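Peer 1: One structure is given below, represented as structure tokens, and several questions about it will come after.
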Amino acid sequence: MKRRDFLVAAAMLAPAIRPASAQQPATKKRLATIFFGKVEDQRLGRDISGFYEELQRLGYVEGANLIVDRWQYQAGRLEEIAREVVDTKPDVIACYGTPMTVRLKAATATIPIVTMTGDPIRFGLVSNLARPGGNITGVSVDAGVEVWAKRLELLSIAVPKLVNVVFVSSDGGWTGAGGQVVRDAAQKLGISLVRGTVSSPYGEAEFRSTFSGLQRDQLDGLMLSDEGHLHLPRISLLVQLIQQMRLPTIYPYREFAEAGGLISYSSDLKSLIRRQAAQIVEIFRGANPGDIPYFQAERFELVVNLKTAKELGIEIPAELVGGATAVIE
């Protein structure tokens, strides 16, 4: 080959053999997150960190090809937060809690929202789980309000002859469909359900006020509503307050039983958080959120803390312990 022909051929090949470092970097994706602010319990902190670990496992690394703008969930500022987040025009918004999602839906019909909520159909977030349509998809922590009734039933099995049970929830949790289902279940079980409403902004002071107003000597059980935004940021505080009252309690998330609560009946929060991250990656890669099924938990875990039962002087029936997903001793 003549020298001139060799130089021409080399010039034609040059672009194909340039090192990877010279290639143009991939466009960064921008993710806005609205998660719980102060997380006082390390268990929930680990669950939330699993969200970012899953994003990284699927190829999206903060600081490399991913920008994350973080907002804190604040009960008194939901509309304002929704507007602030939408104004930044992220590629995807990730959030926890039905109330926050309702505000985001009102604020944008175009920016994809991947959320974790209760039953999305009951709250009008989507009309179909298999094909949500619109700009919202995500994961649901329950399979319908019937799960709330199931918790009260499990508590009645764990502690036979319950008479007065306090139901701790937000005002909406008491007056809404979930509260109605729990009241109906209480009536069938012969239990008098006592209202234990926590006021907004659902901070430590509001919870202490609610618990201090309860007549301990007139209660023999307690149940927390399935409202993650209300209870999850305060796992340690709630378990501590309830332990002081020495009331047998059923909780809506496993993390409470691991922190010393008596019984929990819940979906697997860790796996739901990771699934939420995977849905976000689907959208980053071009999927339409309206075509991504809204995942509704079907498998629920019963966790029994026998150590706490012993401290309360309660003997949990063998059939309940035998049917538990996990037993803490």
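Residue numbers start at 1 in each chain; chains themselves are named A, B, ... in the order of the structure tokens; ligands are numbered from 1 in the order shown.
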Hey, what does DSSP flag as strand (DSSP E or B) within segment 104-186 of chain A? Can you give it to me as a VMD selection string?
Peer 2: chain A and resid 113 to 117 136 to 140 164 to 169
Peer 1: Leaving out segment 91-99 of chain A and any residue of its chain fewer than 3 positions from it, which residues lie within 9 Å of it when counting only C-alpha atoms, given as an MDAnalysis selection string?
Peer 2: chainID A and resid 29:36 73 75 78 85:86 102:104 111:120 123 125 138 227:230 276:277 280 283:284
Peer 1: Write down as number ranges by chain the residues belonging to segment 101-249 of chain A that are assigned alpha helix (DSSP H) by DSSP computed on the backbone.
Peer 2: A: 101-107, 146-158, 171-175, 177-189, 204-212, 228-231, 235-245
Peer 1: Smallest atom-to-atom distance to Ser156 of chain A: which of A:Ser212, A:Gln240, A:Thr249, A:Gln218, using only C-alpha atoms?
Peer 2: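 Closest to Ser156 of chain A of all the choices is A:Thr249.
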Peer 1: Could you tell me how far atom CA of Arg70 of chain A lies from atom CA of Pro90 of chain A, in Å and to one decimal?
Peer 2: 11.3 Å
Peer 1: Select, from A:Glu79, A:Glu315, A:Asp217, A:Glu62, the residue with the minimum atom-to-atom distance to Val159 of chain A, counting only C-alpha atoms.
Peer 2: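 Nearest candidate to Val159 of chain A out of A:Glu79, A:Glu315, A:Asp217, A:Glu62: A:Glu315.
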Peer 1: At a cut-off of 12 Å, using only C-alpha atoms, what residues contact Ser169 of chain A? Leave out same-chain residues fewer than 2 positions from it and give the result as an MDAnalysis selection string.
Peer 2: chainID A and resid 148 166:167 171:176 178:179 182 194:200 202 206:207 210:211 222:231 251:252
Peer 1: Okay, now the selection with N, CA and C atoms, as an mmCIF file, in the first residue's frame?
Peer 2:
```
data_model
loop_
_atom_site.group_PDB
_atom_site.id
_atom_site.type_symbol
_atom_site.label_atom_id
_atom_site.label_comp_id
_atom_site.auth_asym_id
_atom_site.auth_seq_id
_atom_site.Cartn_x
_atom_site.Cartn_y
_atom_site.Cartn_z
ATOM 1 N N TRP A 148 -57.020 -3.279 56.452
ATOM 2 C CA TRP A 148 -57.152 -2.591 57.737
ATOM 3 C C TRP A 148 -58.013 -3.425 58.677
ATOM 4 N N VAL A 166 -58.302 1.495 70.705
ATOM 5 C CA VAL A 166 -58.175 2.830 70.144
ATOM 6 C C VAL A 166 -57.535 2.731 68.762
ATOM 7 N N PHE A 167 -58.103 3.442 67.817
ATOM 8 C CA PHE A 167 -57.625 3.466 66.438
ATOM 9 C C PHE A 167 -56.942 4.812 66.205
ATOM 10 N N ASP A 171 -57.414 12.516 60.782
ATOM 11 C CA ASP A 171 -58.853 12.721 60.723
ATOM 12 C C ASP A 171 -59.441 12.027 59.493
ATOM 13 N N GLY A 172 -58.712 12.129 58.359
ATOM 14 C CA GLY A 172 -59.179 11.468 57.138
ATOM 15 C C GLY A 172 -59.147 9.956 57.255
ATOM 16 N N GLY A 173 -58.170 9.443 57.999
ATOM 17 C CA GLY A 173 -58.093 8.003 58.208
ATOM 18 C C GLY A 173 -59.283 7.479 58.985
ATOM 19 N N TRP A 174 -59.807 8.304 59.895
ATOM 20 C CA TRP A 174 -60.971 7.900 60.686
ATOM 21 C C TRP A 174 -62.274 8.034 59.899
ATOM 22 N N THR A 175 -62.435 9.146 59.198
ATOM 23 C CA THR A 175 -63.699 9.419 58.515
ATOM 24 C C THR A 175 -63.797 8.746 57.145
ATOM 25 N N GLY A 176 -62.666 8.368 56.569
ATOM 26 C CA GLY A 176 -62.660 7.799 55.230
ATOM 27 C C GLY A 176 -63.048 6.334 55.191
ATOM 28 N N GLY A 178 -61.216 3.662 54.947
ATOM 29 C CA GLY A 178 -60.439 2.787 55.818
ATOM 30 C C GLY A 178 -60.998 2.754 57.227
ATOM 31 N N GLY A 179 -61.294 3.926 57.762
ATOM 32 C CA GLY A 179 -61.861 3.999 59.103
ATOM 33 C C GLY A 179 -63.214 3.306 59.186
ATOM 34 N N VAL A 182 -62.756 -0.422 59.385
ATOM 35 C CA VAL A 182 -62.304 -0.828 60.720
ATOM 36 C C VAL A 182 -63.462 -0.779 61.711
ATOM 37 N N VAL A 194 -62.382 3.180 69.713
ATOM 38 C CA VAL A 194 -62.196 4.531 70.247
ATOM 39 C C VAL A 194 -61.391 5.353 69.255
ATOM 40 N N ARG A 195 -61.806 6.582 69.033
ATOM 41 C CA ARG A 195 -61.116 7.460 68.076
ATOM 42 C C ARG A 195 -59.876 8.086 68.705
ATOM 43 N N GLY A 196 -58.743 7.938 68.029
ATOM 44 C CA GLY A 196 -57.495 8.556 68.485
ATOM 45 C C GLY A 196 -56.887 9.375 67.359
ATOM 46 N N THR A 197 -57.497 10.489 67.051
ATOM 47 C CA THR A 197 -57.091 11.295 65.898
ATOM 48 C C THR A 197 -55.878 12.153 66.212
ATOM 49 N N VAL A 198 -54.914 12.139 65.288
ATOM 50 C CA VAL A 198 -53.720 12.978 65.392
ATOM 51 C C VAL A 198 -53.911 14.166 64.457
ATOM 52 N N SER A 199 -53.637 15.360 64.948
ATOM 53 C CA SER A 199 -53.829 16.568 64.143
ATOM 54 C C SER A 199 -52.588 16.902 63.334
ATOM 55 N N SER A 200 -52.778 17.631 62.243
ATOM 56 C CA SER A 200 -51.671 18.114 61.406
ATOM 57 C C SER A 200 -50.883 19.161 62.187
ATOM 58 N N TYR A 202 -48.730 16.544 62.295
ATOM 59 C CA TYR A 202 -48.348 15.177 62.611
ATOM 60 C C TYR A 202 -46.917 15.057 63.135
ATOM 61 N N GLU A 206 -47.892 16.606 68.374
ATOM 62 C CA GLU A 206 -49.266 16.184 68.083
ATOM 63 C C GLU A 206 -49.503 14.736 68.534
ATOM 64 N N PHE A 207 -48.512 13.866 68.323
ATOM 65 C CA PHE A 207 -48.673 12.483 68.763
ATOM 66 C C PHE A 207 -48.696 12.391 70.287
ATOM 67 N N THR A 210 -52.098 13.419 71.480
ATOM 68 C CA THR A 210 -53.112 12.386 71.263
ATOM 69 C C THR A 210 -53.013 11.279 72.303
ATOM 70 N N PHE A 211 -51.802 10.791 72.545
ATOM 71 C CA PHE A 211 -51.629 9.687 73.478
ATOM 72 C C PHE A 211 -51.901 10.117 74.921
ATOM 73 N N LEU A 222 -54.676 -1.367 70.887
ATOM 74 C CA LEU A 222 -54.426 -0.198 70.030
ATOM 75 C C LEU A 222 -54.092 -0.672 68.627
ATOM 76 N N MET A 223 -54.519 0.118 67.662
ATOM 77 C CA MET A 223 -54.233 -0.171 66.255
ATOM 78 C C MET A 223 -53.841 1.112 65.555
ATOM 79 N N LEU A 224 -52.767 1.059 64.774
ATOM 80 C CA LEU A 224 -52.351 2.206 63.970
ATOM 81 C C LEU A 224 -52.918 2.074 62.563
ATOM 82 N N SER A 225 -53.348 3.199 62.006
ATOM 83 C CA SER A 225 -53.854 3.186 60.636
ATOM 84 C C SER A 225 -52.729 2.914 59.646
ATOM 85 N N ASP A 226 -53.124 2.565 58.451
ATOM 86 C CA ASP A 226 -52.158 2.267 57.385
ATOM 87 C C ASP A 226 -51.829 3.546 56.621
ATOM 88 N N GLU A 227 -51.343 4.557 57.316
ATOM 89 C CA GLU A 227 -50.988 5.844 56.701
ATOM 90 C C GLU A 227 -49.488 6.062 56.885
ATOM 91 N N GLY A 228 -48.732 5.676 55.848
ATOM 92 C CA GLY A 228 -47.280 5.725 55.954
ATOM 93 C C GLY A 228 -46.736 7.104 56.265
ATOM 94 N N HIS A 229 -47.315 8.139 55.628
ATOM 95 C CA HIS A 229 -46.815 9.499 55.852
ATOM 96 C C HIS A 229 -47.025 9.936 57.293
ATOM 97 N N LEU A 230 -47.979 9.318 57.963
ATOM 98 C CA LEU A 230 -48.301 9.681 59.337
ATOM 99 C C LEU A 230 -47.365 8.991 60.326
ATOM 100 N N HIS A 231 -47.134 7.701 60.126
ATOM 101 C CA HIS A 231 -46.466 6.898 61.143
ATOM 102 C C HIS A 231 -45.004 6.549 60.852
ATOM 103 N N TYR A 251 -49.423 -3.146 64.297
ATOM 104 C CA TYR A 251 -48.824 -2.066 63.514
ATOM 105 C C TYR A 251 -48.935 -2.363 62.016
ATOM 106 N N PRO A 252 -48.885 -1.302 61.180
ATOM 107 C CA PRO A 252 -49.063 -1.502 59.739
ATOM 108 C C PRO A 252 -47.780 -1.770 58.955
#
```
Peer 1: Using Å and a single decimal, report how far atom CA of Arg183 of chain A sits from atom CA of Leu306 of chain A.
Peer 2: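 Pair atom CA of Leu306 of chain A / atom CA of Arg183 of chain A returns 27.8 Å.
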Peer 1: Residues near Ala149 of chain A, anyone? I mean within 7 Å using only C-alpha atoms, not counting same-chain ones fewer than 2 positions away, as a VMD selection string.
Peer 2: chain A and resid 146 to 147 151 to 153 181 to 182 185
Peer 1: Export all heavy atoms of the chosen residues as a PDB file, in the first residue's frame?
Peer 2:
```pdb
ATOM      1  N   GLU A 146     -59.671  -3.550  53.064  1.00  0.00           N
ATOM      2  CA  GLU A 146     -59.961  -4.776  53.799  1.00  0.00           C
ATOM      3  C   GLU A 146     -58.779  -5.203  54.657  1.00  0.00           C
ATOM      4  O   GLU A 146     -58.948  -5.870  55.676  1.00  0.00           O
ATOM      5  CB  GLU A 146     -60.325  -5.901  52.819  1.00  0.00           C
ATOM      6  CG  GLU A 146     -61.623  -5.686  52.042  1.00  0.00           C
ATOM      7  CD  GLU A 146     -61.475  -4.695  50.892  1.00  0.00           C
ATOM      8  OE1 GLU A 146     -60.324  -4.364  50.543  1.00  0.00           O
ATOM      9  OE2 GLU A 146     -62.501  -4.271  50.349  1.00  0.00           O
ATOM     10  N   VAL A 147     -57.570  -4.805  54.231  1.00  0.00           N
ATOM     11  CA  VAL A 147     -56.374  -5.134  55.011  1.00  0.00           C
ATOM     12  C   VAL A 147     -56.438  -4.473  56.384  1.00  0.00           C
ATOM     13  O   VAL A 147     -55.984  -5.039  57.383  1.00  0.00           O
ATOM     14  CB  VAL A 147     -55.099  -4.698  54.259  1.00  0.00           C
ATOM     15  CG1 VAL A 147     -53.851  -4.944  55.096  1.00  0.00           C
ATOM     16  CG2 VAL A 147     -54.994  -5.454  52.941  1.00  0.00           C
ATOM     17  N   ARG A 151     -56.198  -6.455  60.131  1.00  0.00           N
ATOM     18  CA  ARG A 151     -55.311  -6.169  61.263  1.00  0.00           C
ATOM     19  C   ARG A 151     -56.071  -6.224  62.589  1.00  0.00           C
ATOM     20  O   ARG A 151     -55.563  -6.765  63.575  1.00  0.00           O
ATOM     21  CB  ARG A 151     -54.638  -4.803  61.078  1.00  0.00           C
ATOM     22  CG  ARG A 151     -53.618  -4.772  59.950  1.00  0.00           C
ATOM     23  CD  ARG A 151     -52.766  -3.514  59.988  1.00  0.00           C
ATOM     24  NE  ARG A 151     -51.822  -3.538  58.884  1.00  0.00           N
ATOM     25  CZ  ARG A 151     -51.994  -2.877  57.738  1.00  0.00           C
ATOM     26  NH1 ARG A 151     -53.072  -2.119  57.569  1.00  0.00           N
ATOM     27  NH2 ARG A 151     -51.102  -2.952  56.769  1.00  0.00           N
ATOM     28  N   LEU A 152     -57.245  -5.646  62.624  1.00  0.00           N
ATOM     29  CA  LEU A 152     -58.027  -5.679  63.859  1.00  0.00           C
ATOM     30  C   LEU A 152     -58.397  -7.118  64.207  1.00  0.00           C
ATOM     31  O   LEU A 152     -58.378  -7.513  65.384  1.00  0.00           O
ATOM     32  CB  LEU A 152     -59.281  -4.824  63.717  1.00  0.00           C
ATOM     33  CG  LEU A 152     -60.122  -4.667  64.987  1.00  0.00           C
ATOM     34  CD1 LEU A 152     -59.311  -4.012  66.104  1.00  0.00           C
ATOM     35  CD2 LEU A 152     -61.385  -3.839  64.701  1.00  0.00           C
ATOM     36  N   GLU A 153     -58.715  -7.906  63.206  1.00  0.00           N
ATOM     37  CA  GLU A 153     -59.040  -9.316  63.435  1.00  0.00           C
ATOM     38  C   GLU A 153     -57.843 -10.057  64.030  1.00  0.00           C
ATOM     39  O   GLU A 153     -57.986 -10.852  64.973  1.00  0.00           O
ATOM     40  CB  GLU A 153     -59.463  -9.967  62.119  1.00  0.00           C
ATOM     41  CG  GLU A 153     -59.819 -11.435  62.242  1.00  0.00           C
ATOM     42  CD  GLU A 153     -60.123 -12.065  60.890  1.00  0.00           C
ATOM     43  OE1 GLU A 153     -60.305 -11.314  59.904  1.00  0.00           O
ATOM     44  OE2 GLU A 153     -60.177 -13.306  60.826  1.00  0.00           O
ATOM     45  N   VAL A 181     -64.265   0.766  57.371  1.00  0.00           N
ATOM     46  CA  VAL A 181     -64.057  -0.681  57.339  1.00  0.00           C
ATOM     47  C   VAL A 181     -63.625  -1.186  58.713  1.00  0.00           C
ATOM     48  O   VAL A 181     -64.067  -2.257  59.169  1.00  0.00           O
ATOM     49  CB  VAL A 181     -63.017  -1.053  56.261  1.00  0.00           C
ATOM     50  CG1 VAL A 181     -62.547  -2.487  56.433  1.00  0.00           C
ATOM     51  CG2 VAL A 181     -63.597  -0.870  54.871  1.00  0.00           C
ATOM     52  N   VAL A 182     -62.756  -0.422  59.385  1.00  0.00           N
ATOM     53  CA  VAL A 182     -62.304  -0.828  60.720  1.00  0.00           C
ATOM     54  C   VAL A 182     -63.462  -0.779  61.711  1.00  0.00           C
ATOM     55  O   VAL A 182     -63.622  -1.671  62.560  1.00  0.00           O
ATOM     56  CB  VAL A 182     -61.140   0.065  61.191  1.00  0.00           C
ATOM     57  CG1 VAL A 182     -60.734  -0.288  62.623  1.00  0.00           C
ATOM     58  CG2 VAL A 182     -59.934  -0.095  60.269  1.00  0.00           C
ATOM     59  N   ALA A 185     -65.614  -3.797  61.122  1.00  0.00           N
ATOM     60  CA  ALA A 185     -64.963  -5.002  61.641  1.00  0.00           C
ATOM     61  C   ALA A 185     -65.065  -5.050  63.162  1.00  0.00           C
ATOM     62  O   ALA A 185     -65.298  -6.125  63.747  1.00  0.00           O
ATOM     63  CB  ALA A 185     -63.500  -5.030  61.212  1.00  0.00           C
TER      64      ALA A 185
END
```
Peer 1: List the spatial neighbours of Pro317 of chain A as a ChimeraX atom specification - criterion: any atom at most 9 Å away, only C-alpha atoms, same-chain residues fewer than 2 positions off excluded.
Peer 2: /A:157-159,315,319-322
Peer 1: Those residues with all heavy atoms, as a PDB file, in the first residue's frame please?
Peer 2:
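Wrote result-v7.pdb, looks like this:
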```pdb
ATOM      1  N   ILE A 157     -57.326 -11.982  67.717  1.00  0.00           N
ATOM      2  CA  ILE A 157     -56.869 -13.365  67.878  1.00  0.00           C
ATOM      3  C   ILE A 157     -55.708 -13.413  68.862  1.00  0.00           C
ATOM      4  O   ILE A 157     -55.627 -14.304  69.712  1.00  0.00           O
ATOM      5  CB  ILE A 157     -56.460 -13.964  66.517  1.00  0.00           C
ATOM      6  CG1 ILE A 157     -57.671 -14.082  65.595  1.00  0.00           C
ATOM      7  CG2 ILE A 157     -55.797 -15.331  66.702  1.00  0.00           C
ATOM      8  CD1 ILE A 157     -57.324 -14.488  64.169  1.00  0.00           C
ATOM      9  N   ALA A 158     -54.806 -12.432  68.733  1.00  0.00           N
ATOM     10  CA  ALA A 158     -53.649 -12.384  69.628  1.00  0.00           C
ATOM     11  C   ALA A 158     -54.059 -12.112  71.067  1.00  0.00           C
ATOM     12  O   ALA A 158     -53.462 -12.647  72.007  1.00  0.00           O
ATOM     13  CB  ALA A 158     -52.664 -11.315  69.150  1.00  0.00           C
ATOM     14  N   VAL A 159     -55.068 -11.267  71.231  1.00  0.00           N
ATOM     15  CA  VAL A 159     -55.528 -10.886  72.569  1.00  0.00           C
ATOM     16  C   VAL A 159     -57.039 -11.112  72.628  1.00  0.00           C
ATOM     17  O   VAL A 159     -57.827 -10.207  72.360  1.00  0.00           O
ATOM     18  CB  VAL A 159     -55.191  -9.415  72.879  1.00  0.00           C
ATOM     19  CG1 VAL A 159     -55.515  -9.079  74.325  1.00  0.00           C
ATOM     20  CG2 VAL A 159     -53.733  -9.107  72.575  1.00  0.00           C
ATOM     21  N   GLU A 315     -49.769 -14.198  76.263  1.00  0.00           N
ATOM     22  CA  GLU A 315     -49.386 -15.440  75.599  1.00  0.00           C
ATOM     23  C   GLU A 315     -50.075 -15.490  74.242  1.00  0.00           C
ATOM     24  O   GLU A 315     -51.292 -15.678  74.151  1.00  0.00           O
ATOM     25  CB  GLU A 315     -49.773 -16.652  76.445  1.00  0.00           C
ATOM     26  CG  GLU A 315     -49.279 -17.960  75.849  1.00  0.00           C
ATOM     27  CD  GLU A 315     -49.511 -19.154  76.759  1.00  0.00           C
ATOM     28  OE1 GLU A 315     -49.845 -18.941  77.946  1.00  0.00           O
ATOM     29  OE2 GLU A 315     -49.375 -20.293  76.263  1.00  0.00           O
ATOM     30  N   GLU A 319     -51.422 -20.930  67.178  1.00  0.00           N
ATOM     31  CA  GLU A 319     -51.762 -20.914  65.756  1.00  0.00           C
ATOM     32  C   GLU A 319     -51.346 -19.610  65.076  1.00  0.00           C
ATOM     33  O   GLU A 319     -50.993 -19.589  63.896  1.00  0.00           O
ATOM     34  CB  GLU A 319     -53.259 -21.153  65.546  1.00  0.00           C
ATOM     35  CG  GLU A 319     -54.177 -20.122  66.177  1.00  0.00           C
ATOM     36  CD  GLU A 319     -54.614 -20.480  67.585  1.00  0.00           C
ATOM     37  OE1 GLU A 319     -53.888 -21.260  68.244  1.00  0.00           O
ATOM     38  OE2 GLU A 319     -55.677 -19.996  68.006  1.00  0.00           O
ATOM     39  N   LEU A 320     -51.361 -18.525  65.835  1.00  0.00           N
ATOM     40  CA  LEU A 320     -50.940 -17.241  65.268  1.00  0.00           C
ATOM     41  C   LEU A 320     -49.429 -17.209  65.097  1.00  0.00           C
ATOM     42  O   LEU A 320     -48.921 -16.751  64.070  1.00  0.00           O
ATOM     43  CB  LEU A 320     -51.393 -16.102  66.166  1.00  0.00           C
ATOM     44  CG  LEU A 320     -51.363 -14.697  65.538  1.00  0.00           C
ATOM     45  CD1 LEU A 320     -52.359 -14.610  64.381  1.00  0.00           C
ATOM     46  CD2 LEU A 320     -51.695 -13.622  66.580  1.00  0.00           C
ATOM     47  N   VAL A 321     -48.718 -17.709  66.094  1.00  0.00           N
ATOM     48  CA  VAL A 321     -47.263 -17.759  66.018  1.00  0.00           C
ATOM     49  C   VAL A 321     -46.837 -18.697  64.879  1.00  0.00           C
ATOM     50  O   VAL A 321     -45.926 -18.389  64.103  1.00  0.00           O
ATOM     51  CB  VAL A 321     -46.653 -18.238  67.353  1.00  0.00           C
ATOM     52  CG1 VAL A 321     -45.131 -18.401  67.237  1.00  0.00           C
ATOM     53  CG2 VAL A 321     -46.986 -17.255  68.473  1.00  0.00           C
ATOM     54  N   GLY A 322     -47.528 -19.825  64.771  1.00  0.00           N
ATOM     55  CA  GLY A 322     -47.179 -20.794  63.728  1.00  0.00           C
ATOM     56  C   GLY A 322     -47.420 -20.269  62.319  1.00  0.00           C
ATOM     57  O   GLY A 322     -46.735 -20.657  61.384  1.00  0.00           O
TER      58      GLY A 322
END
```
Peer 1: Quick one: residues within 7 Å of Ile235 of chain A, only C-alpha atoms, excluding same-chain residues fewer than 3 positions away - as an MDAnalysis selection string?
Peer 2: chainID A and resid 41 231:232 238:239 256
Peer 1: Using C-alpha atoms, can you export the residues from the last selection as a compact mmCIF listing (two decimals), in the first residue's frame?
Peer 2:
```
# COMPACT_ATOMS: atom_id res chain seq x y z
CA ASP A 41 -35.33 5.10 62.94
CA HIS A 231 -46.47 6.90 61.14
CA LEU A 232 -43.33 5.80 59.29
CA LEU A 238 -44.64 5.61 68.52
CA VAL A 239 -43.31 2.31 69.84
CA PHE A 256 -42.47 -1.39 64.04
```
Peer 1: Counting only C-alpha atoms, which residue out of A:Arg122, A:Arg77, A:Lys188, A:Arg216 sits closest to Met100 of chain A?
Peer 2: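 Checking each of A:Arg122, A:Arg77, A:Lys188, A:Arg216 against Met100 of chain A, counting only C-alpha atoms, the winner is A:Arg77.
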Peer 1: Kindly indicate which residue among A:Leu154, A:Leu162, A:Ala82, A:Leu58 lies nearest to Asp220 of chain A, using only C-alpha atoms for the distances.
Peer 2: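 Answer, going by the shortest atom-to-atom distance: A:Leu162.
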Peer 1: Measuring between only C-alpha atoms, which one of A:Arg299, A:Pro293, A:Leu247, A:Lys270 shows the shortest distance to Leu312 of chain A?
Peer 2: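 Between A:Arg299, A:Pro293, A:Leu247, A:Lys270, the residue approaching Leu312 of chain A most closely is A:Leu247.
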